[in-house]
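S.K.: Before I ask anything, here is the structure I am working with.
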Amino acid sequence: MTPFTEKVISIIRDIPEGRVMTYGQIASLAGNHRAARQVARILHSMSKKQRLPWYRVVNANGQIVIKDDTAYNEQILNLQIEGVKVDHNGTVDLEKYRLQL
DNA sequence: CCATTGACTCGGA
DNA sequence: GTCCGAGCCAATG
């Protein structure tokens with residue numbers, strides 16, 4: 001692991017309910033604003049081994065972009081449970097739910 | 001160890 | 001609004 005990875009994980013764990021963050025935002029906080037992809041990758045691999053609210057992470061457009069359909073639906077479901085509205089495109093209102101720092 | 005991949009992002013046309 | 005190209009770098013094989 002790298003400090004970057006751990007930082008990303010801790011940041012994600014701190015995302016409160018009903019809020020979301022973008023990959024780029026997290027990457028930036030973790031030290032590399034260009035490591036958005038790694039953030040995504042970390043989620044992909046870590047979510048299998050740890051409990052992370054990975055579903056609170058969306059891309060820069062507030063849209064859920066994920067290949068695995070099962071996880072995709074799961075993400076939307078979890079967000080809705082927390083009160084985040086997701087439209088039929090799998091997009092959330094960033095202006096409203098994005099966690100500002 | 002080297003090569004490929006990818007839940008991304010940004011800027012330009 | 002769209003499409004394209006390039007950057008970035010950890011994880012995987």
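Convention: chains lettered A, B, ... in structure tokens order; per-chain residue numbering from 1; ligands numbered from 1 as shown.
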Do you have, as CSV, the list of residues of segment 12-72 of chain A lying at most 7 Å from chain C, each with its nearest atom pair and that distance in Å to one decimal, counting only C-alpha atoms (C1' of nucleotides) and ordered by chain then number?
M.R.:
residue,atom,partner,partner_atom,distance
A:Arg34,CA,C:DC8,C1',5.7
A:Ala35,CA,C:DC8,C1',6.1
A:Gln38,CA,C:DA10,C1',5.8
S.K.: Write down as an MDAnalysis selection string the residues of chain A whose backbone DSSP state falls under strand (DSSP E).
M.R.: chainID A and resid 21:22 57:58
S.K.: Which polymer residues have any atom within 7 Å of an atom of Pro53 of chain A, counting only C-alpha atoms (C1' of nucleotides), with same-chain residues fewer than 2 positions away left out, as a tab-separated table (two decimals) with C-alpha atoms, in the first residue's frame?
M.R.:
chain	number	residue	atom	x	y	z
A	12	ILE	CA	-13.93	8.10	1.88
A	13	ARG	CA	-14.72	6.73	5.29
A	51	ARG	CA	-16.31	-1.66	4.27
A	55	TYR	CA	-21.19	4.41	-3.35
A	56	ARG	CA	-20.81	7.96	-2.12
S.K.: Where does chain B meet chain A within 8 Å, residue by residue, with the nearest atom pair and distance in Å to one decimal for each, counting only C-alpha atoms (C1' of nucleotides), listed by chain and rising number, as CSV?
M.R.:
residue,atom,partner,partner_atom,distance
B:DG6,C1',A:Arg37,CA,6.8
B:DA7,C1',A:Ile66,CA,4.5
B:DC8,C1',A:Arg37,CA,4.8
B:DT9,C1',A:Gly24,CA,7.0
S.K.: Please save all heavy atoms of the selected residues as a compact mmCIF listing (two decimals), in the first residue's frame.
M.R.:
# COMPACT_ATOMS: atom_id res chain seq x y z
P DG B 6 -9.63 -2.58 -18.62
OP1 DG B 6 -10.44 -3.77 -18.32
OP2 DG B 6 -9.65 -2.00 -19.97
O5' DG B 6 -10.04 -1.43 -17.59
C5' DG B 6 -10.03 -1.72 -16.21
C4' DG B 6 -9.93 -0.42 -15.45
O4' DG B 6 -8.62 0.14 -15.66
C3' DG B 6 -10.94 0.64 -15.92
O3' DG B 6 -11.77 1.02 -14.82
C2' DG B 6 -10.09 1.81 -16.36
C1' DG B 6 -8.75 1.54 -15.70
N9 DG B 6 -7.62 2.09 -16.43
C8 DG B 6 -7.45 2.16 -17.79
N7 DG B 6 -6.34 2.72 -18.14
C5 DG B 6 -5.72 3.02 -16.95
C6 DG B 6 -4.47 3.64 -16.70
O6 DG B 6 -3.64 4.05 -17.51
N1 DG B 6 -4.23 3.77 -15.35
C2 DG B 6 -5.07 3.36 -14.35
N2 DG B 6 -4.67 3.55 -13.11
N3 DG B 6 -6.23 2.77 -14.57
C4 DG B 6 -6.50 2.64 -15.89
P DA B 7 -13.20 0.28 -14.84
OP1 DA B 7 -13.19 -1.04 -14.21
OP2 DA B 7 -13.60 0.37 -16.24
O5' DA B 7 -13.98 1.23 -13.86
C5' DA B 7 -15.22 1.80 -14.16
C4' DA B 7 -15.51 2.85 -13.11
O4' DA B 7 -15.81 2.22 -11.85
C3' DA B 7 -14.39 3.85 -12.81
O3' DA B 7 -14.70 5.06 -13.38
C2' DA B 7 -14.32 3.92 -11.31
C1' DA B 7 -15.61 3.23 -10.88
N9 DA B 7 -15.55 2.59 -9.56
C8 DA B 7 -14.79 3.01 -8.52
N7 DA B 7 -14.92 2.31 -7.43
C5 DA B 7 -15.84 1.33 -7.79
C6 DA B 7 -16.40 0.26 -7.10
N6 DA B 7 -16.14 -0.01 -5.83
N1 DA B 7 -17.26 -0.53 -7.73
C2 DA B 7 -17.54 -0.26 -9.00
N3 DA B 7 -17.09 0.72 -9.78
C4 DA B 7 -16.22 1.49 -9.11
P DC B 8 -14.02 5.77 -14.53
OP1 DC B 8 -15.09 6.56 -15.07
OP2 DC B 8 -13.23 4.92 -15.44
O5' DC B 8 -13.00 6.77 -13.83
C5' DC B 8 -13.22 7.31 -12.55
C4' DC B 8 -12.47 8.63 -12.44
O4' DC B 8 -11.30 8.54 -13.26
C3' DC B 8 -13.27 9.84 -12.95
O3' DC B 8 -13.08 10.93 -12.06
C2' DC B 8 -12.67 10.12 -14.29
C1' DC B 8 -11.22 9.70 -14.07
N1 DC B 8 -10.57 9.37 -15.35
C2 DC B 8 -9.38 10.03 -15.68
O2 DC B 8 -8.90 10.84 -14.90
N3 DC B 8 -8.80 9.77 -16.88
C4 DC B 8 -9.34 8.89 -17.70
N4 DC B 8 -8.73 8.68 -18.84
C5 DC B 8 -10.55 8.20 -17.37
C6 DC B 8 -11.12 8.47 -16.20
P DT B 9 -13.80 12.34 -12.38
OP1 DT B 9 -14.03 13.03 -11.11
OP2 DT B 9 -14.90 12.10 -13.32
O5' DT B 9 -12.64 13.12 -13.13
C5' DT B 9 -11.45 13.41 -12.42
C4' DT B 9 -10.65 14.42 -13.19
O4' DT B 9 -10.05 13.82 -14.35
C3' DT B 9 -11.47 15.62 -13.68
O3' DT B 9 -10.76 16.80 -13.36
C2' DT B 9 -11.56 15.41 -15.17
C1' DT B 9 -10.29 14.65 -15.48
N1 DT B 9 -10.39 13.76 -16.65
C2 DT B 9 -9.35 13.74 -17.56
O2 DT B 9 -8.37 14.44 -17.45
N3 DT B 9 -9.51 12.88 -18.61
C4 DT B 9 -10.58 12.05 -18.84
O4 DT B 9 -10.60 11.32 -19.81
C5 DT B 9 -11.63 12.11 -17.85
C7 DT B 9 -12.83 11.25 -17.99
C6 DT B 9 -11.48 12.96 -16.82
S.K.: Among segment 10-98 of chain A, which residues does DSSP mark as helix (DSSP H, G or I) when it is run on the backbone? Keep the chain and numbering as in the structure and answer as a ChimeraX atom specification.
M.R.: /A:10-13,23-30,36-49,54-56,69-81,94-97
S.K.: Nearest to Lys85 of chain A: which of A:Thr2, A:Ser45, A:Gln63, A:Ser10 is it, counting only C-alpha atoms?
M.R.: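 For Lys85 of chain A, the nearest of the given residues is A:Gln63.
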